[in-house]
Amino acid sequence: MRRSMLFLPGNTPNIIVNGEILGADSVILDLEDAVAPAEKDSARILVRNALKYMGFGKCEVIVRINSIDTPEWKKDLDTIIPQKPGMIMPPKVSCADDVKQIDAYITELEEKLGLENNSVGLIPLIETALGIENAFQIASASKRVRAIFLGGEDLTADLRCKRTKEGNEIHYARCRMVCAARAANVDVYDTPFTDVNDDEGLYTDAQYAKSLGFTGKAAISPRHVKGINEVFSPTKQDIDYAYEVMETIRFAKEQGKGAVALRGKMIDAPIVMRAEQTIAMAEALGMGRSV
Amino acid sequence: MEKVIIHYATAGTLESSDAFVTVEPHDDNGLEIAIDSVVQNQFGEQIYKAVQEVLDEQGIVSARVSVVDRGALDCVIRARVETAVLRGKGDME
Amino acid sequence: MMGKKLVKSIREAIILSGLKDGMSVSFHHHLRNGDYTLNMVMDEIADMGIKNLTLNASSLFDTHASLEKHIRSGVIRKINTNYMSAGLGHRISEGLMEEPVDFRTHGGRPRDISLGITPIDVAFIAAPAADCAGNCSGKYGPSACGSLGYAFPDAMYAQKVIVITDCLMPYPLKGWSIPEIYVDYVVTVDAIGNPQGIVSGTTRITRDPVGLLMAETAVKVIQHSGLLKDGFSFQTGAGGASLAAARFLMDLMLKDNIKGSFASGGITGYLVDMLEKGCFESLMDVQCFDLKAVESIRKNPAHQEISAMQYASPAAKSAVVDQLDVVILGATEVDTEFNVNVHTDSNGRIMGGSGGHSDTAAGAKLSMIIAPLFRARLPIVTDRVSCISTPGRDIDVLVTQRGVAVNPKNEELILRLKDAGLPVMDIRELKQIAENITGIPNKHVHSGRPVANVIYRDGTQIDTIYSMI
């Protein structure tokens with residue numbers, strides 16, 4: 001379960017050491033934008049050691065590498081892959097070939113290191129106009145792709161428009177991303193909300209992303225983690241309803257009935273599927289059913 | 001293969017929980033390690049050991065190494081020493 | 001006859017007071033690191049050739065580090081204080097004084113003054129506003145500091161009392177807090193302190209995510225302690241996480257419509273906000289920490305000045321700390337018996353003191369320590385603190401960013417917090433978690449002679465601080 005992904009600068013030890021306790025389901029140790037060009041080597045080694053020696057508890061660790069148009073990305077993978085990170089986030093992915101190129105290199109490393117094939121997942125960061133138009137191809141380019149992630153800041157620069165709090169300028173991109181991800185059967189993550197001091201704005205933005213179908217949202221500040229988790233967790237009502245659906249289905253099966261209705265609404269396959277997802281998530285969160 | 005530090009290099013910062021490492025060529029061929037740590041009394045020996053181990057791993061046989069430690073964890077000190085060494089090392093002549 | 005108290009200079013006041021070799025002088029610390037008075041007076045005394053004095057100061061800050069020269073020259077032979085910042089503290093730890101410093105608490109100091117255990121010959125009171133008869137107040141003037149709480153025992157029990165002010169007002173001063181009946185002499189000077197060092201403009205809530213996380217947990221502990229209901233009383237320090245906790249507590253009290261009784265101790269703008277929003281009926285203020293608090297105590301009758309005796313003295317017939325429900329405190333170290341050190345750093349060097357730590361911990365129903373599990377690489381939880389400032393029996397709970405440890409004596413609290421789903425664990429487990437991250441630190445071993453005695457609020461000595469060699 002991954003609702004929130006929190007970016008942590010890869011060359012800052014005092015932030016990384018407390019990364020796991022900030023409430024995020026995943027932390028993204030960043031080797032790209034948060035690291036000055038002259039410190040790429042330093043950050044890479046620090047992140048490798050963090051993976052090697054620090055436990056991150058229940059928190060998933062994702063490493064954002066440098067983009068494939070730089071000489072850094074292979075060095076990043078050379079250094080990081082031996083530590084068996086769960087997930088690699090390549091930035092500025094614009095087409096399926098980008099993914100395949102990274103996939104091939106990781107496969108090469110996995111074989112060389114004797115690691116299980118496809119054990120390292122990918123979350124391509126899509127942040128160009130071309131990437132958005134190719135979102136489905138990217139999402140289905142490799143078995144490694146577990147999710148796709150929308151980067152609104154670079155995208156708006158590419159679109160030559162201004163990034164606003166309301167986000168009308170990325171509305172199309174958001175919808176396209178969700179549709180592509182769902183079509184490819186992978187998760188989809190929304191761009192971070194960038195005003196660190198606007199808690200209410202974050203909440204509204206996250207609610208909106210959820211309403212469009214996003215799985216979760218990234219954060220650049222620990223302050224946003226709680227709001228994101230709250231928005232992307234099932235509510236008490238969701239959970240209760242999901243249990244009711246499952247019970248009704250069980251009851252119907254016992255009775256040998258095909259079609260059943262709950263509170264006047266037909267229970268069909270999509271409703272059952274959603275109920276199953278809700279219950280799985282509630283269990284993962286330790287949220288019980290109200291008594 | 002035995003390596004030496006051939007030019008001055010640094011890594012890390014002086015921020016809390018980090019360490020600032022300097023490596024320089026050693027004129028008399030040998031290892032000289034100086035550690036200045038805010039947790040000298042509590043972790044001095046562990047820090048020395050970590051530095052020594054990284055130098056060994058990198059095959060460094062000659063260098064002056066200075067570590068100014070601001071309470072960095074061992075894995076951070078190791079990373080900073082390794083970075084400084086990679087920036088400053090070369091083959092022995 | 002009015003007016004005869006007003007003398008021309010500090011030196012004249014000292015001569016008239018009859019100060020002699022071997023006597024005791026006292027100072028209060030409301031001007032904090034902006035104080036000029038203590039240095040001014042001690043320089044004058046040194047210049048007059050008086051020696052072997054006992055200095056009784058409620059607290060000493062870095063600005064007072066120049067006392068070193070008066071100690072070396074024999075002007076000051078002995079120091080009694082409740083807090084000493086690192087500037088002078090490190091010198092003391094190096095063995096600067098022959099006689100150990102006696103550390104007391106903010107309640108223990110007035111107790112021992114009132115019982116004659118630490119008699120004061122001449123008290124010097126830095127007064128932001130005073131009249132010619134010595135009525136004085138901290139609420140007005142260019143060096144306004146708000147409450148003068150800690151100066152009350154000095155005024156009431158010293159043989160001679162000298163008021164030093166940079167703002168002489170016509171008699172009678174309106175809104176005086178220390179009355180003329182105690183005052184022998186009044187002196188005016190250009191400035192008693194530097195306003196920038198006296199109170200901070202605004203004390204800001206921490207942005208450190210670890211501090212905010214601890215503050216959030218602290219408020220959950222309060223929420224589920226069973227104490228947060230109408231009539232609730234509260235004290236907290238001015239540290240970043242403590243202030244954040246005060247702010248989160250305010251949000252909770254407003255949301256749940258809880259009408260508390262009072263908040264006490266050192267007062268910040270955050271507690272003033274809580275008073276103004278109706279979270280508390282009143283503030284019991286022994287010291288102001290920021291401009292907002294100073295303005296509030298001047299204008300709002302519900303914001304009341306209290307003396308050090310009323311705040312915390314075990315010799316008083318009753319004291320505010322004994323009415324407290326919850327206090328939030330800090331620590332440099334906590335041991336597995338819940339003993340707390342706020343006197344020394346991890347190398348055993350003096351850098352603080354109890355202040356009101358042990359007084360409030362003894363009085364409050366719930367005494368909570370907020371501290372990160374490790375600072376840089378130093379774990380907070382140890383087998384034995386380098387110095388016991390507050391005994392573990394008075395501490396109920398330790399809140400860190402990775403878990404909450406409850407003193408096993410408080411079984412009810414353990415159950416309540418577990419029921420609420422808080423991450424309650426054994427304090428040894430917390431120690432283990434920290435050491436897994438930092439490594440196991442070498443034990444601190446002292447090798448020198450005693451440089452300070454730590455005297456608990458009841459007058460008994462609970463620990464000794466040794467010199468560093």
# chains A, B, ... in the order shown; residues from 1 in each chain; ligands from 1
call {"tool": "closest_atom_pairs", "arguments": {"of": "chain B", "to": "chain A", "cutoff": "12 Å", "atoms": "only C-alpha atoms", "output": "CSV"}}
result
residue,atom,partner,partner_atom,distance
B:Thr10,CA,A:Ser42,CA,10.2
B:Ala11,CA,A:Ser42,CA,7.1
B:Gly12,CA,A:Ser42,CA,7.6
B:Thr13,CA,A:Thr12,CA,9.2
B:Leu14,CA,A:Thr12,CA,11.2
B:Glu15,CA,A:Asn14,CA,8.4
B:Ser16,CA,A:Asn14,CA,6.8
B:Ser17,CA,A:Asn14,CA,5.2
B:Asp18,CA,A:Pro13,CA,6.0
B:Ala19,CA,A:Pro13,CA,9.4
B:Phe20,CA,A:Ser42,CA,11.7
B:Val21,CA,A:Ser42,CA,11.5
B:Arg70,CA,A:Asn14,CA,10.4
B:Gly71,CA,A:Asn14,CA,9.6
B:Ala72,CA,A:Pro13,CA,7.6
B:Leu73,CA,A:Pro13,CA,8.5
B:Asp74,CA,A:Tyr53,CA,8.9
B:Cys75,CA,A:Asn49,CA,5.7
B:Val76,CA,A:Leu46,CA,6.3
B:Ile77,CA,A:Leu46,CA,9.0
B:Arg78,CA,A:Asn49,CA,8.0
B:Ala79,CA,A:Leu46,CA,5.1
B:Arg80,CA,A:Ser42,CA,7.0
B:Val81,CA,A:Ser42,CA,9.7
B:Glu82,CA,A:Ile45,CA,7.8
B:Thr83,CA,A:Ser42,CA,5.6
B:Ala84,CA,A:Ser42,CA,8.4
B:Val85,CA,A:Ser42,CA,10.9
B:Leu86,CA,A:Asp41,CA,9.0
B:Arg87,CA,A:Asp41,CA,9.0
call {"tool": "write_last_selection", "arguments": {"atoms": "C-alpha atoms", "output": "mmCIF file, in the first residue's frame"}}
result
data_model
loop_
_atom_site.group_PDB
_atom_site.id
_atom_site.type_symbol
_atom_site.label_atom_id
_atom_site.label_comp_id
_atom_site.auth_asym_id
_atom_site.auth_seq_id
_atom_site.Cartn_x
_atom_site.Cartn_y
_atom_site.Cartn_z
ATOM 1 C CA THR B 10 36.999 16.946 0.152
ATOM 2 C CA ALA B 11 33.539 15.499 0.723
ATOM 3 C CA GLY B 12 30.604 16.127 3.039
ATOM 4 C CA THR B 13 29.542 19.201 4.991
ATOM 5 C CA LEU B 14 29.807 20.675 8.469
ATOM 6 C CA GLU B 15 26.076 20.389 9.088
ATOM 7 C CA SER B 16 24.733 18.460 12.071
ATOM 8 C CA SER B 17 24.746 14.670 11.478
ATOM 9 C CA ASP B 18 27.251 15.041 8.626
ATOM 10 C CA ALA B 19 31.034 14.929 8.424
ATOM 11 C CA PHE B 20 33.530 16.938 6.392
ATOM 12 C CA VAL B 21 36.368 14.813 5.080
ATOM 13 C CA ARG B 70 29.299 16.701 13.471
ATOM 14 C CA GLY B 71 27.659 13.624 14.925
ATOM 15 C CA ALA B 72 27.343 11.623 11.709
ATOM 16 C CA LEU B 73 26.344 7.965 11.837
ATOM 17 C CA ASP B 74 29.021 5.451 10.842
ATOM 18 C CA CYS B 75 27.422 4.839 7.454
ATOM 19 C CA VAL B 76 27.537 8.580 6.735
ATOM 20 C CA ILE B 77 31.186 8.855 7.754
ATOM 21 C CA ARG B 78 31.984 5.858 5.572
ATOM 22 C CA ALA B 79 30.176 7.471 2.621
ATOM 23 C CA ARG B 80 32.023 10.761 3.050
ATOM 24 C CA VAL B 81 35.439 9.109 3.357
ATOM 25 C CA GLU B 82 34.752 6.937 0.328
ATOM 26 C CA THR B 83 33.654 9.941 -1.732
ATOM 27 C CA ALA B 84 36.719 11.969 -0.759
ATOM 28 C CA VAL B 85 39.007 9.040 -1.558
ATOM 29 C CA LEU B 86 37.396 8.398 -4.954
ATOM 30 C CA ARG B 87 37.795 12.085 -5.744
#
call {"tool": "select_by_dssp", "arguments": {"residues": "stretch 8-92 of chain B", "states": "strand (DSSP E)", "output": "PyMOL selection string"}}
result
chain B and resi 9-12+19-24+31-37+60-69+89-91
call {"tool": "write_last_selection", "arguments": {"atoms": "C-alpha atoms", "output": "PDB file, in the first residue's frame"}}
result
ATOM      1  CA  ALA B   9      39.874  16.408  -2.245  1.00  0.00           C
ATOM      2  CA  THR B  10      36.999  16.946   0.152  1.00  0.00           C
ATOM      3  CA  ALA B  11      33.539  15.499   0.723  1.00  0.00           C
ATOM      4  CA  GLY B  12      30.604  16.127   3.039  1.00  0.00           C
ATOM      5  CA  ALA B  19      31.034  14.929   8.424  1.00  0.00           C
ATOM      6  CA  PHE B  20      33.530  16.938   6.392  1.00  0.00           C
ATOM      7  CA  VAL B  21      36.368  14.813   5.080  1.00  0.00           C
ATOM      8  CA  THR B  22      39.614  16.045   3.547  1.00  0.00           C
ATOM      9  CA  VAL B  23      42.210  13.831   1.854  1.00  0.00           C
ATOM     10  CA  GLU B  24      45.666  14.924   0.766  1.00  0.00           C
ATOM     11  CA  LEU B  31      48.431   6.757   6.424  1.00  0.00           C
ATOM     12  CA  GLU B  32      47.726   9.589   8.770  1.00  0.00           C
ATOM     13  CA  ILE B  33      44.188   9.912  10.115  1.00  0.00           C
ATOM     14  CA  ALA B  34      43.016  12.900  12.161  1.00  0.00           C
ATOM     15  CA  ILE B  35      39.556  12.904  13.673  1.00  0.00           C
ATOM     16  CA  ASP B  36      37.828  15.838  15.292  1.00  0.00           C
ATOM     17  CA  SER B  37      34.380  14.822  16.479  1.00  0.00           C
ATOM     18  CA  ILE B  60      44.690   3.286   0.041  1.00  0.00           C
ATOM     19  CA  VAL B  61      48.182   2.923   1.458  1.00  0.00           C
ATOM     20  CA  SER B  62      49.229   6.556   1.553  1.00  0.00           C
ATOM     21  CA  ALA B  63      47.171   9.613   2.479  1.00  0.00           C
ATOM     22  CA  ARG B  64      46.546  12.293   5.033  1.00  0.00           C
ATOM     23  CA  VAL B  65      42.892  12.044   6.038  1.00  0.00           C
ATOM     24  CA  SER B  66      41.073  14.549   8.197  1.00  0.00           C
ATOM     25  CA  VAL B  67      37.523  14.006   9.433  1.00  0.00           C
ATOM     26  CA  VAL B  68      35.572  16.811  11.093  1.00  0.00           C
ATOM     27  CA  ASP B  69      32.538  15.010  12.432  1.00  0.00           C
ATOM     28  CA  LYS B  89      42.913   8.779  -5.467  1.00  0.00           C
ATOM     29  CA  GLY B  90      45.105   7.479  -8.225  1.00  0.00           C
ATOM     30  CA  ASP B  91      47.448   4.575  -8.944  1.00  0.00           C
TER      31      ASP B  91
END
call {"tool": "residues_around", "arguments": {"residues": "stretch 142-149 of chain A", "least_positions_apart": "4", "cutoff": "7 Å", "atoms": "only C-alpha atoms", "output": "list in words"}}
result
Lys100, Asn118, Val120, Gly121, Leu122, Ile123, Pro124, Leu125, Ile126, Ala181, Val186, Asp187, Val188, Tyr189 and Asp190 of chain A
call {"tool": "write_last_selection", "arguments": {"atoms": "C-alpha atoms", "output": "mmCIF file, in the first residue's frame"}}
result
data_model
loop_
_atom_site.group_PDB
_atom_site.id
_atom_site.type_symbol
_atom_site.label_atom_id
_atom_site.label_comp_id
_atom_site.auth_asym_id
_atom_site.auth_seq_id
_atom_site.Cartn_x
_atom_site.Cartn_y
_atom_site.Cartn_z
ATOM 1 C CA LYS A 100 13.043 -0.357 -22.081
ATOM 2 C CA ASN A 118 12.459 -8.245 -12.214
ATOM 3 C CA VAL A 120 13.464 -4.086 -8.901
ATOM 4 C CA GLY A 121 10.337 -2.139 -9.842
ATOM 5 C CA LEU A 122 10.042 1.102 -11.751
ATOM 6 C CA ILE A 123 7.912 4.207 -11.212
ATOM 7 C CA PRO A 124 8.533 6.329 -14.285
ATOM 8 C CA LEU A 125 8.167 10.033 -13.634
ATOM 9 C CA ILE A 126 6.298 11.516 -16.555
ATOM 10 C CA ALA A 181 -2.328 3.700 -15.735
ATOM 11 C CA VAL A 186 -0.649 -0.103 -12.723
ATOM 12 C CA ASP A 187 -0.938 2.517 -9.954
ATOM 13 C CA VAL A 188 -0.796 6.237 -10.604
ATOM 14 C CA TYR A 189 0.581 9.064 -8.460
ATOM 15 C CA ASP A 190 -0.152 12.746 -8.502
#
call {"tool": "closest_residue", "arguments": {"among": "C:Gly138, C:Gly95, C:Pro441, C:Gly330", "to": "chain B", "atoms": "only C-alpha atoms"}}
result
C:Pro441
call {"tool": "select_by_dssp", "arguments": {"residues": "stretch 109-237 of chain C", "states": "alpha helix (DSSP H)", "output": "PyMOL selection string"}}
result
chain C and resi 109-114+152-157+195-198+209-223
call {"tool": "write_last_selection", "arguments": {"atoms": "C-alpha atoms", "output": "PDB file, in the first residue's frame"}}
result
ATOM      1  CA  ARG C 109      15.974  28.970  45.916  1.00  0.00           C
ATOM      2  CA  PRO C 110      13.144  30.974  47.533  1.00  0.00           C
ATOM      3  CA  ARG C 111      12.677  28.160  50.021  1.00  0.00           C
ATOM      4  CA  ASP C 112      16.273  28.359  51.192  1.00  0.00           C
ATOM      5  CA  ILE C 113      16.267  32.154  51.165  1.00  0.00           C
ATOM      6  CA  SER C 114      13.095  32.271  53.251  1.00  0.00           C
ATOM      7  CA  PHE C 152      10.419  38.655  45.146  1.00  0.00           C
ATOM      8  CA  PRO C 153      12.309  36.483  47.653  1.00  0.00           C
ATOM      9  CA  ASP C 154      15.371  38.697  47.211  1.00  0.00           C
ATOM     10  CA  ALA C 155      13.303  41.826  47.910  1.00  0.00           C
ATOM     11  CA  MET C 156      11.521  40.313  50.874  1.00  0.00           C
ATOM     12  CA  TYR C 157      14.383  38.597  52.684  1.00  0.00           C
ATOM     13  CA  PRO C 195      16.031  44.805  24.931  1.00  0.00           C
ATOM     14  CA  GLN C 196      17.026  42.441  22.096  1.00  0.00           C
ATOM     15  CA  GLY C 197      18.495  39.996  24.574  1.00  0.00           C
ATOM     16  CA  ILE C 198      15.746  40.354  27.165  1.00  0.00           C
ATOM     17  CA  PRO C 209       9.465  17.591  11.203  1.00  0.00           C
ATOM     18  CA  VAL C 210      10.831  15.478  14.069  1.00  0.00           C
ATOM     19  CA  GLY C 211       9.934  18.218  16.571  1.00  0.00           C
ATOM     20  CA  LEU C 212       6.460  18.550  15.091  1.00  0.00           C
ATOM     21  CA  LEU C 213       5.940  14.813  15.218  1.00  0.00           C
ATOM     22  CA  MET C 214       6.924  14.709  18.897  1.00  0.00           C
ATOM     23  CA  ALA C 215       4.629  17.659  19.626  1.00  0.00           C
ATOM     24  CA  GLU C 216       1.739  15.874  17.959  1.00  0.00           C
ATOM     25  CA  THR C 217       2.386  12.741  20.005  1.00  0.00           C
ATOM     26  CA  ALA C 218       2.703  14.812  23.185  1.00  0.00           C
ATOM     27  CA  VAL C 219      -0.744  16.272  22.617  1.00  0.00           C
ATOM     28  CA  LYS C 220      -2.187  12.802  22.006  1.00  0.00           C
ATOM     29  CA  VAL C 221      -0.707  11.718  25.346  1.00  0.00           C
ATOM     30  CA  ILE C 222      -2.395  14.673  27.059  1.00  0.00           C
ATOM     31  CA  GLN C 223      -5.650  13.998  25.223  1.00  0.00           C
TER      32      GLN C 223
END
call {"tool": "interface_residues", "arguments": {"of": "chain A", "to": "chain C", "cutoff": "12 Å", "atoms": "only C-alpha atoms", "output": "JSON, numbers by chain"}}
result
{"A": [13, 14, 15, 16, 17, 18, 19, 20, 21, 22, 23, 50, 53, 54, 55, 56, 57, 196, 197, 221, 222, 223, 224, 225, 226, 286, 287]}
call {"tool": "write_last_selection", "arguments": {"atoms": "N, CA and C atoms", "output": "short mmCIF file (atom, residue, chain, number, x, y, z; two decimals), in the first residue's frame"}}
result
data_model
loop_
_atom_site.label_atom_id
_atom_site.label_comp_id
_atom_site.auth_asym_id
_atom_site.auth_seq_id
_atom_site.Cartn_x
_atom_site.Cartn_y
_atom_site.Cartn_z
N PRO A 13 22.25 13.93 5.28
CA PRO A 13 22.15 12.83 6.26
C PRO A 13 21.11 13.06 7.36
N ASN A 14 21.03 14.27 7.90
CA ASN A 14 20.14 14.42 9.05
C ASN A 14 18.67 14.30 8.67
N ILE A 15 18.35 14.47 7.38
CA ILE A 15 16.96 14.28 6.95
C ILE A 15 16.71 12.80 6.66
N ILE A 16 17.68 12.17 6.02
CA ILE A 16 17.50 10.75 5.67
C ILE A 16 17.36 9.88 6.92
N VAL A 17 18.11 10.22 7.98
CA VAL A 17 18.13 9.35 9.16
C VAL A 17 16.75 9.27 9.83
N ASN A 18 15.96 10.32 9.69
CA ASN A 18 14.63 10.28 10.28
C ASN A 18 13.53 10.06 9.24
N GLY A 19 13.94 9.69 8.03
CA GLY A 19 12.98 9.57 6.93
C GLY A 19 11.83 8.63 7.19
N GLU A 20 12.10 7.54 7.86
CA GLU A 20 11.06 6.52 8.01
C GLU A 20 9.96 6.89 8.98
N ILE A 21 10.22 7.91 9.83
CA ILE A 21 9.22 8.18 10.87
C ILE A 21 8.31 9.34 10.51
N LEU A 22 8.42 9.84 9.30
CA LEU A 22 7.65 11.03 8.96
C LEU A 22 6.25 10.70 8.47
N GLY A 23 5.88 9.43 8.53
CA GLY A 23 4.50 9.04 8.25
C GLY A 23 4.23 8.63 6.82
N ALA A 50 22.95 4.39 3.04
CA ALA A 50 21.68 4.45 3.78
C ALA A 50 20.90 3.16 3.54
N TYR A 53 22.92 0.22 5.40
CA TYR A 53 23.08 0.17 6.86
C TYR A 53 21.86 0.62 7.66
N MET A 54 20.99 1.45 7.07
CA MET A 54 19.87 1.96 7.86
C MET A 54 18.63 1.12 7.58
N GLY A 55 17.89 0.82 8.62
CA GLY A 55 16.61 0.15 8.41
C GLY A 55 15.58 1.25 8.19
N PHE A 56 14.71 1.09 7.24
CA PHE A 56 13.66 2.09 7.07
C PHE A 56 12.31 1.59 7.59
N GLY A 57 12.38 0.53 8.40
CA GLY A 57 11.15 0.01 9.01
C GLY A 57 10.15 -0.40 7.96
N VAL A 196 4.28 24.79 0.83
CA VAL A 196 4.51 24.06 2.07
C VAL A 196 3.65 24.58 3.22
N ASN A 197 3.27 25.86 3.14
CA ASN A 197 2.54 26.44 4.27
C ASN A 197 1.03 26.42 4.12
N SER A 221 7.18 18.03 1.23
CA SER A 221 7.35 18.43 2.63
C SER A 221 6.68 17.42 3.54
N PRO A 222 7.34 17.07 4.65
CA PRO A 222 6.72 16.14 5.60
C PRO A 222 5.37 16.66 6.10
N ARG A 223 5.20 17.97 6.06
CA ARG A 223 3.93 18.55 6.52
C ARG A 223 2.74 18.06 5.71
N HIS A 224 2.97 17.65 4.49
CA HIS A 224 1.85 17.26 3.62
C HIS A 224 1.48 15.78 3.73
N VAL A 225 2.34 15.02 4.40
CA VAL A 225 2.16 13.57 4.41
C VAL A 225 0.84 13.16 5.06
N LYS A 226 0.58 13.78 6.21
CA LYS A 226 -0.61 13.39 6.96
C LYS A 226 -1.89 13.63 6.15
N GLY A 286 -4.72 -1.31 9.48
CA GLY A 286 -5.17 -1.65 10.83
C GLY A 286 -6.48 -0.97 11.18
N MET A 287 -7.25 -0.62 10.14
CA MET A 287 -8.55 0.02 10.41
C MET A 287 -9.62 -1.05 10.41
#
call {"tool": "residues_around", "arguments": {"residues": "A:Glu60", "least_positions_apart": "4", "cutoff": "8 Å", "atoms": "only C-alpha atoms", "output": "ChimeraX atom specification"}}
result
/A:25-27,56,86
call {"tool": "closest_residue", "arguments": {"among": "C:Met468, C:Leu324, C:Ala151, C:Leu115", "to": "chain B", "atoms": "only C-alpha atoms"}}
result
C:Met468
call {"tool": "residues_around", "arguments": {"residues": "C:Met97", "least_positions_apart": "3", "cutoff": "9 Å", "atoms": "only C-alpha atoms", "output": "PyMOL selection string"}}
result
chain C and resi 71-72+77-78+91-94+100-101+451
call {"tool": "interface_residues", "arguments": {"of": "chain C", "to": "chain B", "cutoff": "12 Å", "atoms": "only C-alpha atoms", "output": "PyMOL selection string"}}
result
chain C and resi 345-348+374-379+434-446+468
call {"tool": "write_last_selection", "arguments": {"atoms": "N, CA and C atoms", "output": "short mmCIF file (atom, residue, chain, number, x, y, z; two decimals), in the first residue's frame"}}
result
data_model
loop_
_atom_site.label_atom_id
_atom_site.label_comp_id
_atom_site.auth_asym_id
_atom_site.auth_seq_id
_atom_site.Cartn_x
_atom_site.Cartn_y
_atom_site.Cartn_z
N ASP C 345 25.94 18.45 29.63
CA ASP C 345 25.87 17.82 28.31
C ASP C 345 26.40 16.39 28.42
N SER C 346 26.45 15.72 27.28
CA SER C 346 26.81 14.30 27.32
C SER C 346 28.26 14.08 27.72
N ASN C 347 29.05 15.16 27.71
CA ASN C 347 30.42 15.04 28.19
C ASN C 347 30.55 15.45 29.66
N GLY C 348 29.42 15.69 30.30
CA GLY C 348 29.44 16.03 31.71
C GLY C 348 29.73 17.49 32.00
N PHE C 374 17.63 10.60 19.60
CA PHE C 374 19.05 10.93 19.57
C PHE C 374 19.23 12.31 18.96
N ARG C 375 20.25 13.02 19.45
CA ARG C 375 20.59 14.32 18.87
C ARG C 375 21.89 14.11 18.11
N ALA C 376 21.89 14.39 16.81
CA ALA C 376 22.98 13.99 15.94
C ALA C 376 23.24 12.52 16.24
N ARG C 377 24.40 12.17 16.85
CA ARG C 377 24.62 10.74 17.07
C ARG C 377 24.46 10.34 18.53
N LEU C 378 24.01 11.26 19.37
CA LEU C 378 23.97 10.94 20.80
C LEU C 378 22.61 10.47 21.25
N PRO C 379 22.51 9.22 21.71
CA PRO C 379 21.23 8.74 22.22
C PRO C 379 20.83 9.52 23.47
N ALA C 434 17.49 3.35 19.64
CA ALA C 434 18.45 4.44 19.39
C ALA C 434 19.83 3.87 19.14
N GLU C 435 20.24 2.93 19.98
CA GLU C 435 21.61 2.40 19.85
C GLU C 435 21.79 1.57 18.59
N ASN C 436 20.69 0.98 18.11
CA ASN C 436 20.78 0.28 16.83
C ASN C 436 21.14 1.25 15.71
N ILE C 437 20.69 2.48 15.85
CA ILE C 437 20.96 3.48 14.82
C ILE C 437 22.33 4.15 15.03
N THR C 438 22.61 4.51 16.28
CA THR C 438 23.81 5.33 16.53
C THR C 438 25.05 4.51 16.85
N GLY C 439 24.86 3.29 17.29
CA GLY C 439 25.96 2.53 17.90
C GLY C 439 25.93 2.79 19.41
N ILE C 440 26.67 1.97 20.14
CA ILE C 440 26.66 2.10 21.61
C ILE C 440 27.76 3.07 22.04
N PRO C 441 27.37 4.15 22.69
CA PRO C 441 28.38 5.15 23.09
C PRO C 441 29.22 4.65 24.26
N ASN C 442 30.48 5.07 24.28
CA ASN C 442 31.30 4.78 25.46
C ASN C 442 30.73 5.52 26.65
N LYS C 443 30.83 4.90 27.82
CA LYS C 443 30.32 5.54 29.04
C LYS C 443 31.19 6.73 29.41
N HIS C 444 30.50 7.76 29.89
CA HIS C 444 31.21 8.93 30.37
C HIS C 444 31.76 8.65 31.76
N VAL C 445 33.05 8.81 31.93
CA VAL C 445 33.61 8.65 33.28
C VAL C 445 34.27 9.94 33.71
N HIS C 446 33.86 10.42 34.88
CA HIS C 446 34.49 11.64 35.38
C HIS C 446 35.73 11.25 36.16
N MET C 468 35.96 18.26 34.64
CA MET C 468 36.40 17.51 33.48
C MET C 468 37.91 17.67 33.37
#
call {"tool": "residues_around", "arguments": {"residues": "C:Lys255", "least_positions_apart": "4", "cutoff": "12 Å", "atoms": "only C-alpha atoms", "output": "list of chain:residue names"}}
result
C:Phe248, C:Leu249, C:Met250, C:Asp251, C:Lys259, C:Lys277, C:Gly278, C:Cys279
call {"tool": "write_last_selection", "arguments": {"atoms": "N, CA and C atoms", "output": "mmCIF file, in the first residue's frame"}}
result
data_model
loop_
_atom_site.group_PDB
_atom_site.id
_atom_site.type_symbol
_atom_site.label_atom_id
_atom_site.label_comp_id
_atom_site.auth_asym_id
_atom_site.auth_seq_id
_atom_site.Cartn_x
_atom_site.Cartn_y
_atom_site.Cartn_z
ATOM 1 N N PHE C 248 -0.690 22.859 19.147
ATOM 2 C CA PHE C 248 -1.579 21.735 18.810
ATOM 3 C C PHE C 248 -2.604 21.508 19.923
ATOM 4 N N LEU C 249 -2.161 21.746 21.169
ATOM 5 C CA LEU C 249 -3.087 21.593 22.301
ATOM 6 C C LEU C 249 -4.210 22.630 22.208
ATOM 7 N N MET C 250 -3.830 23.848 21.810
ATOM 8 C CA MET C 250 -4.844 24.890 21.654
ATOM 9 C C MET C 250 -5.888 24.452 20.628
ATOM 10 N N ASP C 251 -5.417 23.959 19.487
ATOM 11 C CA ASP C 251 -6.359 23.516 18.447
ATOM 12 C C ASP C 251 -7.325 22.468 18.993
ATOM 13 N N LYS C 259 -12.546 24.159 28.525
ATOM 14 C CA LYS C 259 -12.208 25.411 29.202
ATOM 15 C C LYS C 259 -11.254 25.101 30.348
ATOM 16 N N LYS C 277 -8.037 33.082 23.605
ATOM 17 C CA LYS C 277 -9.060 32.300 22.894
ATOM 18 C C LYS C 277 -9.942 31.517 23.864
ATOM 19 N N GLY C 278 -9.692 31.679 25.159
ATOM 20 C CA GLY C 278 -10.578 31.051 26.141
ATOM 21 C C GLY C 278 -10.184 29.647 26.557
ATOM 22 N N CYS C 279 -8.974 29.199 26.185
ATOM 23 C CA CYS C 279 -8.535 27.871 26.632
ATOM 24 C C CYS C 279 -8.228 27.870 28.125
#
